[in-house]
Amino acid sequence: MIDMAEARPLARAPNSPVRKAPRPSRSIAPQVIDIGVQVTVVAVIAGIWEFGARFGALNPFLLPPLSVVLERLWEDVLAGTALVDVGLTLYRALVGFVIAAIIGIPAGILMARSAVVRWFLDPLVSIGFPMPKIAFLPIFVLWFDIYDTSKIIMVAFSCFFPIVSATYAGTASLDKWPIWSARSFGAKERELLWEVYLPMAMPQIITGLQVALPVGMITTIVTEMLMGGRGVGGAMIMAGRFADSVGVFSGIVQIIILGFLVVKAVELLRRRILAWHPETRR
Amino acid sequence: MSATQLAATARRQAAHAPSGISVQDVSHTYGARGAGTLALDGINIDIEDGEFHCLLGPSGCGKSTLLYLIGGFIPVQSGQISTATGRVTAPGPDRSIVFQNFALFPWKTVRDNVLYGLKKAGFGPAERAERAQRYIDMVHLTGFENAYPSQLSGGMQQRAAIARTLAVDPGILLMDEPFGALDAQTRRVMQEELRAIWRNSRKTVVFVTHDVQEAVFLADRISIMSARPGRVQHVIDVNMPKDRDETILENPEFIQLSEHIWRLVREQAVAATRGAH
């Protein structure tokens with residue numbers, strides 16, 4: 001009775017007996033073209049930067065050539081200072097982010113499942129979400145000193161809101177049918193949480209995490225800039241004070257690379273966790 | 001075996017035994033009491049052990065509501081529904097359901113979907129694996145065990161949902177327009193297969209549909225429901241051969257009965273459209 005044509009061509013089970021159609025030999029995969037164009041755009045911008053600065057079109061103090069910036073970055077990497085700064089920034093951003101996730105995801109689920117929790121948290125989240133969280137920095141410095149603790153709490157505080165909102169929205173609007181299915185097979189309320197609510201809300205939860213992570217990176221850099229000390233933000237402010245524009249741009253390049261890698265890593269994680277989701281197979 | 005194990009085994013066996021369903025004076029109101037919409041009004045149906053019973057009626061007649069009440073998904077407001085295991089108060093493994101929109105777990109593969117119900121029903125690991133494969137094979141999804149629902153067509157998803165429900169071997173099978181979303185050919189094949197499965201396993205089936213031909217093809221008895229508020233208007237016995245296939249569609253008796261039922265349903269459908277104005 002089963003007709004193989006019934007299965008959508010791109011949607012094939014890994015062990016499916018359907019044979020893979022041979023790819024036409026001369027066409028280039030669209031992804032390759034995409035990546036090629038993107039790399040070219042970045043290369044052109046880098047080229048304009050480099051040669052614009054080098055041939056005097058731009059003031060080399062205000063905009064030092066890219067090669068000079070990369071050279072400084074390389075020196076700092078060899079000296080170990082760049083790795084310490086990047087490592088510290090990454091550590092603060094990730095620890096804050098993970099704390100926010102550990103508190104925010106259960107809080108969001110509880111908000112969706114319990115009226116009492118919702119009454120309590122909904123006004124706080126509504127007020128807190130649109131507010132610039134960085135305004136709390138002086139308070140956190142006052143409460144938690146000027147070292148790592150206050151920075152990490154600042155990051156966690158910033159990341160909490162997008163995570164709790166996305167989790168709440170995702171869990172509150174669940175389709176009732178899979179829940180009814182699970183109940184008809186005998187799942188108890190407590191089991192439903194892990195077995196149905198969480199996996200069903202996972203796409204929105206991960207979206208919340210993806211919004212929160214760059215927020216965490218930004219908050220880390222800004223707190224470092226405001227509070228000084230080590231870390232990419234602190235190093236850039238220090239370079240700025242010494243009129244070391246190469247150092248400032250080296251910091252910017254570090255942030256770009258760090259942000260790009262972290263965001264890509266989460267995208268990969270999303271594709272892994274949501275392997276079942278239609279979005280994963282485009 | 002300990003007493004609790006014995007009790008668990010007894011419960012499991014009770015869940016697999018076919019059972020009649022008694023619906024007595026069931027009424028149901030949606031929305032606020034007093035101001036709400038009366039969806040079901042004084043329903044009385046007695047479904048026998050091993051009967052294939054269709055609830056047939058125009059859309060909005062409350063037939064799905066009645067099925068959800070039997071399933072225990074929504075609480076009974078007035079009247080009583082009982083099966084061999086007692087009064088229905090909540091969903092239970094003795095009454096498994098196939099929904100119109102499949103309701104598979106999208107994050108689980110076909111095999112894991114089927115295994116979920118089996119695990120909940122208390123089957124051991126070896127038996128779980130064996131039964132899952134057997135029912136996946138039965139609905140012709142062999143080779144798609146590791147596919148996610150989103151990778152399958154609608155017909156294949158519904159077959160996976162049916163495999164998941166049948167695998168736990170419920171005594172009572174509730175089906176809410178399960179073939180409504182399928183194309184005509186797939187639908188016909190699924191109807192024949194369901195009829196064959198039912199013939200071989202002797203379950204009590206309550207099947208909701210608005211398709212007259214489907215009801216006559218599948219059922220032993222058909223309850224025709226009125227437009228809102230839903231009442232049982234007629235109960236019709238389908239005295240057709242137990243083994244049915246496509247050839248029955250040309251059987252004069254089948255055609256005559258279908259036309260008779262169609263007229264009865266049409267009255268209700270017309271009443272429903274008038275009621276809407």
# chains A, B, ... in the order shown; residues from 1 in each chain; ligands from 1
call {"tool": "interface_residues", "arguments": {"of": "chain B", "to": "chain A", "cutoff": "8 Å", "atoms": "only C-alpha atoms", "output": "number ranges by chain"}}
result
B: 71, 73, 91-93, 95-97, 99, 103-109, 117, 120-121, 140-141, 143-153, 189
call {"tool": "select_by_dssp", "arguments": {"residues": "segment 44-249 of chain A", "states": "helix (DSSP H, G or I)", "output": "ChimeraX atom specification"}}
result
/A:44-54,66-79,81-113,115-128,133-144,148-172,176-184,189-227,232-241,245-249
call {"tool": "select_by_dssp", "arguments": {"residues": "segment 80-180 of chain B", "states": "strand (DSSP E or B)", "output": "PyMOL selection string"}}
result
chain B and resi 80-83+86-87+95-98+172-176
call {"tool": "residues_around", "arguments": {"residues": "Ile248 of chain B", "least_positions_apart": "3", "cutoff": "12 Å", "atoms": "only C-alpha atoms", "output": "list in words"}}
result
Glu192, Gln213, Glu214, Val216, Phe217, Leu218, Met240, Pro241, Lys242, Asp243, Arg244, Asp245, Asn251, Pro252, Glu253, Phe254, Ile255, Gln256, Leu257 and Ser258 of chain B
call {"tool": "closest_residue", "arguments": {"among": "B:Gln77, B:Ser82, B:Gln133, B:Ser64", "to": "Gln24 of chain B", "atoms": "only C-alpha atoms"}}
result
B:Ser82
call {"tool": "atom_distance", "arguments": {"atom1": "atom CA of Lys151 of chain A", "atom2": "atom CA of Ile256 of chain A"}}
result
20.5 Å
call {"tool": "closest_residue", "arguments": {"among": "A:Val116, A:Met227, A:Val248, A:Ala172", "to": "Val68 of chain A", "atoms": "only C-alpha atoms"}}
result
A:Val248
call {"tool": "residues_around", "arguments": {"residues": "Arg164 of chain B", "least_positions_apart": "4", "cutoff": "7 Å", "atoms": "only C-alpha atoms", "output": "mmCIF file with N, CA and C atoms, in the first residue's frame"}}
result
data_model
loop_
_atom_site.group_PDB
_atom_site.id
_atom_site.type_symbol
_atom_site.label_atom_id
_atom_site.label_comp_id
_atom_site.auth_asym_id
_atom_site.auth_seq_id
_atom_site.Cartn_x
_atom_site.Cartn_y
_atom_site.Cartn_z
ATOM 1 N N ASN B 113 7.579 7.509 19.086
ATOM 2 C CA ASN B 113 6.169 7.811 19.324
ATOM 3 C C ASN B 113 5.418 6.555 19.757
ATOM 4 N N VAL B 114 5.655 5.468 19.016
ATOM 5 C CA VAL B 114 4.953 4.221 19.333
ATOM 6 C C VAL B 114 5.439 3.675 20.681
ATOM 7 N N GLY B 117 3.766 5.203 24.185
ATOM 8 C CA GLY B 117 2.533 4.623 24.725
ATOM 9 C C GLY B 117 2.790 3.267 25.359
ATOM 10 N N ALA B 160 1.012 6.466 11.465
ATOM 11 C CA ALA B 160 1.882 6.371 12.644
ATOM 12 C C ALA B 160 1.063 6.559 13.922
#
call {"tool": "atom_distance", "arguments": {"atom1": "atom CA of Phe161 of chain A", "atom2": "atom CA of Ala212 of chain A"}}
result
8.0 Å
call {"tool": "atom_distance", "arguments": {"atom1": "atom CA of Pro162 of chain A", "atom2": "atom CA of Val211 of chain A"}}
result
6.6 Å
call {"tool": "residues_around", "arguments": {"residues": "Arg202 of chain B", "least_positions_apart": "3", "cutoff": "9 Å", "atoms": "only C-alpha atoms", "output": "ChimeraX atom specification"}}
result
/B:18,49-51,171,197-199,205
call {"tool": "closest_residue", "arguments": {"among": "B:Arg111, B:Arg187, B:Lys203, B:Arg221", "to": "Ala163 of chain B", "atoms": "only C-alpha atoms"}}
result
B:Arg111
call {"tool": "residues_around", "arguments": {"residues": "Ile47 of chain B", "least_positions_apart": "4", "cutoff": "10 Å", "atoms": "only C-alpha atoms", "output": "list in words"}}
result
Ser19, Gly20, Ile21, Ser22, Val23, Glu51, Phe52, His53, Thr83, Thr204, Val205, Val206 and Arg221 of chain B
call {"tool": "closest_residue", "arguments": {"among": "A:Val164, A:Val44, A:Trp49, A:Ile146", "to": "Leu63 of chain A", "atoms": "only C-alpha atoms"}}
result
A:Trp49
call {"tool": "residues_around", "arguments": {"residues": "Gly233 of chain A", "least_positions_apart": "2", "cutoff": "9 Å", "atoms": "only C-alpha atoms", "output": "ChimeraX atom specification"}}
result
/A:85,89,220-226,228-231,235-238,251,255
